[in-house]
file work.csv (CSV, C-alpha atoms)
chain,number,residue,atom,x,y,z
H,1,ASN,CA,90.5,68.0,90.5
H,2,GLU,CA,90.0,71.7,90.9
H,3,LEU,CA,92.9,73.8,92.1
H,4,PRO,CA,92.3,75.3,95.6
H,5,GLU,CA,91.8,79.0,95.7
H,6,LYS,CA,92.3,81.5,98.5
H,7,VAL,CA,88.8,83.0,99.0
H,8,VAL,CA,88.8,86.3,100.8
H,9,PRO,CA,85.5,87.1,102.6
H,10,LYS,CA,83.7,90.1,101.2
H,11,TRP,CA,83.5,91.8,104.5
H,12,VAL,CA,87.3,91.7,104.7
H,13,ILE,CA,87.5,93.4,101.3
H,14,PHE,CA,85.2,96.2,102.6
H,15,VAL,CA,87.3,96.7,105.7
H,16,GLU,CA,90.5,96.8,103.7
H,17,GLN,CA,88.9,99.6,101.6
H,18,LEU,CA,88.1,101.5,104.9
H,19,ILE,CA,91.6,101.3,106.3
H,20,ALA,CA,93.8,101.8,103.3
H,21,PRO,CA,96.5,104.5,103.5
H,22,MET,CA,94.4,107.3,102.0
H,23,PRO,CA,91.2,106.6,104.0
H,24,VAL,CA,93.3,106.6,107.2
H,25,MET,CA,93.8,110.3,106.6
H,26,ILE,CA,90.0,110.8,106.4
H,27,TRP,CA,89.6,108.9,109.7
H,28,ILE,CA,92.2,111.3,111.3
H,29,ALA,CA,90.3,114.3,109.9
H,30,ALA,CA,86.9,112.9,111.2
H,31,VAL,CA,88.3,112.3,114.7
H,32,THR,CA,89.8,115.8,114.7
H,33,GLU,CA,86.4,117.3,113.7
H,34,LEU,CA,84.8,115.3,116.5
H,35,ALA,CA,87.4,116.6,119.0
H,36,ILE,CA,86.5,120.2,118.2
H,37,SER,CA,82.8,119.4,118.2
H,38,ASN,CA,82.3,120.1,114.5
H,39,TYR,CA,79.8,117.4,114.0
H,40,PRO,CA,78.4,118.3,110.6
H,41,ASP,CA,81.9,118.1,109.0
H,42,MET,CA,82.6,114.9,110.8
H,43,ILE,CA,79.4,113.3,109.4
H,44,ILE,CA,80.3,114.5,105.9
H,45,LEU,CA,83.8,113.0,106.2
H,46,LEU,CA,82.4,109.7,107.4
H,47,ALA,CA,79.9,109.7,104.6
H,48,ILE,CA,82.7,110.3,102.1
H,49,GLN,CA,84.7,107.5,103.7
H,50,PHE,CA,81.9,104.9,103.5
H,51,ILE,CA,80.9,106.0,99.9
H,52,ASN,CA,84.5,105.6,98.7
H,53,ALA,CA,84.9,102.2,100.5
H,54,GLY,CA,81.6,101.1,99.0
H,55,LEU,CA,82.6,102.0,95.5
H,56,GLY,CA,86.0,100.3,95.8
H,57,TYR,CA,84.3,97.2,97.3
H,58,TYR,CA,81.8,97.2,94.4
H,59,GLU,CA,84.4,97.3,91.7
H,60,ILE,CA,86.6,94.6,93.3
H,61,VAL,CA,83.7,92.3,93.9
H,62,LYS,CA,82.2,92.9,90.5
H,63,ALA,CA,85.6,92.1,88.9
H,64,GLY,CA,85.8,88.9,91.0
H,65,ASP,CA,82.3,87.9,89.9
H,66,ALA,CA,83.2,88.4,86.3
H,67,VAL,CA,86.3,86.2,86.7
H,68,ALA,CA,84.2,83.5,88.4
H,69,ALA,CA,81.6,83.6,85.6
H,70,LEU,CA,84.3,83.4,82.9
H,71,LYS,CA,85.9,80.4,84.7
H,72,ALA,CA,82.5,78.7,84.8
H,73,SER,CA,82.0,79.2,81.1
H,74,LEU,CA,85.4,77.9,80.3
H,75,LYS,CA,85.4,74.8,82.4
H,76,PRO,CA,87.4,72.1,80.5
H,77,GLU,CA,85.9,68.7,79.8
H,78,ALA,CA,87.4,65.2,79.8
H,79,THR,CA,86.5,62.0,78.1
H,80,VAL,CA,86.5,59.3,80.8
H,81,LYS,CA,85.7,55.5,80.8
H,82,ARG,CA,83.2,54.8,83.5
H,83,GLU,CA,81.5,51.4,83.9
H,84,GLY,CA,82.9,50.3,80.6
H,85,LYS,CA,81.5,53.3,78.7
H,86,TRP,CA,83.2,56.4,77.4
H,87,MET,CA,81.5,59.6,78.6
H,88,THR,CA,82.4,63.3,78.5
H,89,ILE,CA,82.4,64.9,82.0
H,90,ASN,CA,83.6,68.1,83.7
H,91,ALA,CA,87.4,67.7,84.0
H,92,ALA,CA,87.1,68.7,87.7
H,93,LEU,CA,85.4,65.4,88.4
H,94,VAL,CA,88.3,63.2,87.2
H,95,VAL,CA,89.8,61.1,90.0
H,96,PRO,CA,93.0,59.0,90.3
H,97,GLY,CA,92.5,55.7,88.6
H,98,ASP,CA,90.2,56.9,85.9
H,99,MET,CA,90.9,55.9,82.3
H,100,VAL,CA,90.9,59.1,80.1
H,101,LEU,CA,91.1,59.5,76.4
H,102,LEU,CA,93.9,61.8,75.3
H,103,ALA,CA,93.1,62.9,71.8
H,104,SER,CA,94.6,65.4,69.4
H,105,GLY,CA,93.6,69.0,70.3
H,106,SER,CA,92.4,68.1,73.8
H,107,ALA,CA,93.8,69.4,77.1
H,108,ILE,CA,95.2,66.8,79.5
H,109,PRO,CA,92.8,66.9,82.5
H,110,ALA,CA,95.3,65.5,85.1
H,111,ASP,CA,98.7,64.0,85.5
H,112,SER,CA,98.4,60.6,83.7
H,113,ARG,CA,100.4,57.7,82.3
H,114,VAL,CA,100.2,56.7,78.7
H,115,GLN,CA,98.9,53.1,78.2
H,116,ASP,CA,99.6,52.1,74.6
H,117,GLY,CA,100.8,53.9,71.5
H,118,GLN,CA,102.3,57.3,71.3
H,119,ILE,CA,101.2,61.0,71.3
H,120,ASP,CA,102.9,64.3,70.8
H,121,VAL,CA,102.3,66.6,73.7
H,122,ASP,CA,102.6,70.4,73.7
H,123,GLN,CA,104.2,71.3,77.1
H,124,SER,CA,105.1,74.9,76.4
H,125,GLN,CA,102.8,76.2,79.1
H,126,LEU,CA,104.8,74.2,81.7
H,127,THR,CA,108.3,74.1,80.4
H,128,GLY,CA,108.5,76.8,77.7
H,129,GLU,CA,109.6,74.2,75.2
H,130,SER,CA,108.3,75.3,71.8
H,131,LEU,CA,108.3,71.8,70.1
H,132,PRO,CA,105.9,69.0,71.1
H,133,VAL,CA,107.3,66.1,73.1
H,134,THR,CA,106.7,62.6,72.0
H,135,CYS,CA,105.4,60.4,74.8
H,136,PHE,CA,105.3,56.6,74.6
H,137,LYS,CA,103.7,53.8,76.7
H,138,GLY,CA,104.5,54.4,80.4
H,139,ASP,CA,105.5,58.0,80.0
H,140,LYS,CA,103.9,60.7,82.2
H,141,VAL,CA,101.8,63.5,80.7
H,142,MET,CA,101.0,66.5,82.8
H,143,MET,CA,97.9,68.6,83.5
H,144,GLY,CA,98.2,71.9,81.8
H,145,SER,CA,99.6,70.5,78.5
H,146,THR,CA,97.8,69.8,75.3
H,147,VAL,CA,97.8,66.8,73.0
H,148,ALA,CA,99.3,68.0,69.7
H,149,ARG,CA,99.0,64.8,67.7
H,150,GLY,CA,97.8,61.3,68.2
H,151,GLU,CA,95.3,59.5,70.4
H,152,VAL,CA,95.9,57.2,73.3
H,153,GLU,CA,94.3,56.1,76.6
H,154,GLY,CA,95.9,57.2,79.8
H,155,THR,CA,95.5,56.3,83.5
H,156,VAL,CA,95.1,59.3,85.9
H,157,GLU,CA,97.7,59.4,88.7
H,158,PHE,CA,97.3,62.8,90.3
H,159,THR,CA,94.6,65.5,90.2
H,160,GLY,CA,94.2,69.1,91.3
H,161,ALA,CA,96.8,70.4,93.8
H,162,ASP,CA,98.7,67.1,93.6
H,163,THR,CA,99.6,67.6,90.0
H,164,PHE,CA,102.8,69.3,88.8
H,165,PHE,CA,100.8,72.2,87.6
H,166,GLY,CA,98.9,72.4,90.8
H,167,LYS,CA,102.0,72.4,93.0
H,168,THR,CA,103.5,75.2,90.8
H,169,ALA,CA,100.4,77.2,91.1
H,170,SER,CA,100.2,76.9,94.8
H,171,LEU,CA,103.8,78.1,95.1
H,172,LEU,CA,103.0,81.2,93.1
H,173,GLY,CA,99.7,81.8,95.0
H,174,ASN,CA,101.5,81.7,98.4
H,175,SER,CA,104.2,84.3,97.4
H,176,GLY,CA,102.3,87.1,99.2
H,177,GLU,CA,104.2,89.7,97.3
H,178,ASN,CA,102.7,92.9,96.0
H,179,SER,CA,102.7,93.6,92.3
H,180,ASN,CA,104.7,96.4,90.7
H,181,LEU,CA,101.5,98.4,90.3
H,182,GLN,CA,100.6,98.0,94.0
H,183,ASN,CA,104.1,99.1,95.0
H,184,ILE,CA,103.9,102.2,92.7
H,185,LEU,CA,100.5,103.2,94.1
H,186,MET,CA,101.7,102.7,97.7
H,187,ALA,CA,104.8,104.9,97.0
H,188,ILE,CA,102.5,107.6,95.5
H,189,MET,CA,100.2,107.5,98.5
H,190,ILE,CA,103.0,107.7,101.0
H,191,VAL,CA,104.6,110.7,99.3
H,192,LEU,CA,101.2,112.5,99.1
H,193,VAL,CA,100.4,111.8,102.7
H,194,VAL,CA,103.8,113.0,103.9
H,195,VAL,CA,103.6,116.2,101.8
H,196,SER,CA,100.0,116.8,102.9
H,197,LEU,CA,100.8,116.4,106.6
H,198,THR,CA,103.9,118.6,106.3
H,199,ALA,CA,102.1,121.4,104.5
H,200,CYS,CA,99.1,121.2,106.9
H,201,THR,CA,101.4,121.4,109.9
H,202,ILE,CA,103.1,124.5,108.5
H,203,VAL,CA,99.8,126.2,107.7
H,204,TYR,CA,98.5,125.3,111.2
H,205,PHE,CA,101.4,126.9,113.1
H,206,TYR,CA,101.2,129.9,110.8
H,207,LEU,CA,97.4,130.4,111.4
H,208,ILE,CA,97.5,130.0,115.2
H,209,GLN,CA,99.6,133.1,115.4
H,210,THR,CA,96.7,135.3,114.3
H,211,THR,CA,93.6,133.0,114.5
H,212,ASP,CA,91.8,131.0,117.2
H,213,VAL,CA,93.2,127.4,117.6
H,214,VAL,CA,89.9,125.7,116.9
H,215,ASP,CA,89.3,127.7,113.7
H,216,SER,CA,92.8,127.1,112.6
H,217,LEU,CA,92.4,123.4,113.2
H,218,SER,CA,89.1,123.3,111.3
H,219,PHE,CA,90.7,125.1,108.4
H,220,VAL,CA,93.7,122.7,108.3
H,221,VAL,CA,91.4,119.7,108.4
H,222,VAL,CA,89.6,121.0,105.3
H,223,LEU,CA,92.9,121.6,103.6
H,224,MET,CA,94.1,118.1,104.5
H,225,VAL,CA,91.0,116.5,103.1
H,226,ALA,CA,91.2,118.6,99.9
H,227,SER,CA,94.9,117.5,99.4
H,228,ILE,CA,94.2,113.8,99.6
H,229,PRO,CA,93.4,112.1,96.2
H,230,LEU,CA,90.6,110.0,97.7
H,231,ALA,CA,89.6,108.5,94.3
H,232,ILE,CA,93.0,107.2,93.3
H,233,GLU,CA,92.2,103.6,94.3
H,234,ILE,CA,88.7,103.7,92.9
H,235,VAL,CA,89.8,105.1,89.6
H,236,THR,CA,92.7,102.5,89.4
H,237,THR,CA,90.4,99.6,90.3
H,238,THR,CA,87.7,100.7,87.9
H,239,THR,CA,90.2,101.1,85.1
H,240,LEU,CA,91.7,97.6,85.7
H,241,ALA,CA,88.2,96.1,86.0
H,242,VAL,CA,87.4,97.5,82.5
H,243,GLY,CA,90.6,96.0,81.3
H,244,SER,CA,89.6,92.6,82.8
H,245,LYS,CA,86.3,92.8,81.0
H,246,ASP,CA,87.9,93.5,77.7
H,247,LEU,CA,90.4,90.7,78.1
H,248,SER,CA,87.6,88.3,79.0
H,249,LYS,CA,86.2,88.8,75.5
H,250,HIS,CA,89.3,87.2,74.2
H,251,GLY,CA,89.0,84.3,76.6
H,252,ALA,CA,91.7,85.5,79.1
H,253,ILE,CA,91.0,84.9,82.8
H,254,VAL,CA,92.4,87.6,85.1
H,255,THR,CA,92.3,86.5,88.7
H,256,ARG,CA,94.2,89.5,90.1
H,257,LEU,CA,93.4,93.0,88.7
H,258,SER,CA,97.0,94.2,89.4
H,259,ALA,CA,98.2,91.7,86.7
H,260,ILE,CA,96.7,93.9,84.0
H,261,GLU,CA,99.3,96.6,84.4

call {"tool": "encode", "arguments": {"input": "work.csv", "output": "structure tokens"}}
result
Amino acid sequence: NELPEKVVPKWVIFVEQLIAPMPVMIWIAAVTELAISNYPDMIILLAIQFINAGLGYYEIVKAGDAVAALKASLKPEATVKREGKWMTINAALVVPGDMVLLASGSAIPADSRVQDGQIDVDQSQLTGESLPVTCFKGDKVMMGSTVARGEVEGTVEFTGADTFFGKTASLLGNSGENSNLQNILMAIMIVLVVVSLTACTIVYFYLIQTTDVVDSLSFVVVLMVASIPLAIEIVTTTTLAVGSKDLSKHGAIVTRLSAIE
């Protein structure tokens, strides 16, 4: 009954940190140092690259682990009739055909049909409707809503990704769009990279008029590395991770750090 999640392998996260727009500039600088046989500087640049990637990876994975731990602590429960007895189980273990107890204040664990009687259901999370909806025998109640008043038995019809809530979540999860914060950071990075490359090119052509080509290139590489805000992603990720931790104290689950903006 759990909704499927897209799990990104941890090694992919680390590689993404290595080849992000800003780190690409460091790779260019390291290759340039290799080309002019300046091995000490090349080693330093590579060390900076892997340290930054490691820090970014650590913050992202730590935030993901915190979300996973919070989800585990907030797993909903359902009262189900099994073998003629009512028992409380993890809501993720509910299957179609189960008889569930829908009581006042409880979350509806899966899309179900009301058997007898009537209940008032708060569907505001699904429809935005502020007032509870009264459901009678045969009416469908959906996962993601809450029983506001009454107590009835219901028969489970759909669970997990097959529920109305699950289908909606899968549509949102497959959007593949960047958040506003990610677009802003990308725009900042592109502008800084273009400005840095332009300035370094001007400085290089100025220096080669009076200085050796290799020395000019070495100086420009240092200038380029100094002009790149290497820590922008690390600082942003760390700040958002702290925000995620603070929100978790209030019971809010943040699955994407960019949502905290």

call {"tool": "residues_around", "arguments": {"input": "work.csv", "residues": "Thr79 (chain H)", "least_positions_apart": "3", "cutoff": "12 Å", "atoms": "all atoms listed in the file", "output": "PDB file with C-alpha atoms, in the coordinates of the input"}}
result
ATOM      1  CA  PRO H  76      87.400  72.100  80.500  1.00  0.00           C
ATOM      2  CA  ARG H  82      83.200  54.800  83.500  1.00  0.00           C
ATOM      3  CA  LYS H  85      81.500  53.300  78.700  1.00  0.00           C
ATOM      4  CA  TRP H  86      83.200  56.400  77.400  1.00  0.00           C
ATOM      5  CA  MET H  87      81.500  59.600  78.600  1.00  0.00           C
ATOM      6  CA  THR H  88      82.400  63.300  78.500  1.00  0.00           C
ATOM      7  CA  ILE H  89      82.400  64.900  82.000  1.00  0.00           C
ATOM      8  CA  ASN H  90      83.600  68.100  83.700  1.00  0.00           C
ATOM      9  CA  ALA H  91      87.400  67.700  84.000  1.00  0.00           C
ATOM     10  CA  ALA H  92      87.100  68.700  87.700  1.00  0.00           C
ATOM     11  CA  LEU H  93      85.400  65.400  88.400  1.00  0.00           C
ATOM     12  CA  VAL H  94      88.300  63.200  87.200  1.00  0.00           C
ATOM     13  CA  ASP H  98      90.200  56.900  85.900  1.00  0.00           C
ATOM     14  CA  MET H  99      90.900  55.900  82.300  1.00  0.00           C
ATOM     15  CA  VAL H 100      90.900  59.100  80.100  1.00  0.00           C
ATOM     16  CA  LEU H 101      91.100  59.500  76.400  1.00  0.00           C
ATOM     17  CA  LEU H 102      93.900  61.800  75.300  1.00  0.00           C
ATOM     18  CA  ALA H 103      93.100  62.900  71.800  1.00  0.00           C
ATOM     19  CA  SER H 106      92.400  68.100  73.800  1.00  0.00           C
ATOM     20  CA  ALA H 107      93.800  69.400  77.100  1.00  0.00           C
ATOM     21  CA  ILE H 108      95.200  66.800  79.500  1.00  0.00           C
ATOM     22  CA  PRO H 109      92.800  66.900  82.500  1.00  0.00           C
ATOM     23  CA  ALA H 110      95.300  65.500  85.100  1.00  0.00           C
ATOM     24  CA  GLU H 151      95.300  59.500  70.400  1.00  0.00           C
ATOM     25  CA  VAL H 152      95.900  57.200  73.300  1.00  0.00           C
ATOM     26  CA  GLU H 153      94.300  56.100  76.600  1.00  0.00           C
ATOM     27  CA  GLY H 154      95.900  57.200  79.800  1.00  0.00           C
ATOM     28  CA  THR H 155      95.500  56.300  83.500  1.00  0.00           C
ATOM     29  CA  VAL H 156      95.100  59.300  85.900  1.00  0.00           C
TER      30      VAL H 156
END

call {"tool": "closest_residue", "arguments": {"input": "work.csv", "among": "H:Thr127, H:Leu247, H:Ile43, H:Phe164", "to": "Ala29 (chain H)", "atoms": "all atoms listed in the file"}}
result
H:Ile43

call {"tool": "closest_residue", "arguments": {"input": "work.csv", "among": "H:Ile188, H:Ile202, H:Val95, H:Ala241", "to": "Leu217 (chain H)", "atoms": "only C-alpha atoms"}}
result
H:Ile202

call {"tool": "closest_residue", "arguments": {"input": "work.csv", "among": "H:Ile228, H:Leu207, H:Leu34, H:Val141", "to": "Leu126 (chain H)", "atoms": "all atoms listed in the file"}}
result
H:Val141

call {"tool": "closest_residue", "arguments": {"input": "work.csv", "among": "H:Val114, H:Val214, H:Val220, H:Ala47", "to": "Cys200 (chain H)", "atoms": "all atoms listed in the file"}}
result
H:Val220

call {"tool": "residues_near_point", "arguments": {"input": "work.csv", "point": "(86.3, 122.1, 120.6)", "cutoff": "12 Å", "atoms": "only C-alpha atoms", "output": "ChimeraX atom specification"}}
result
/H:31-39,212-218
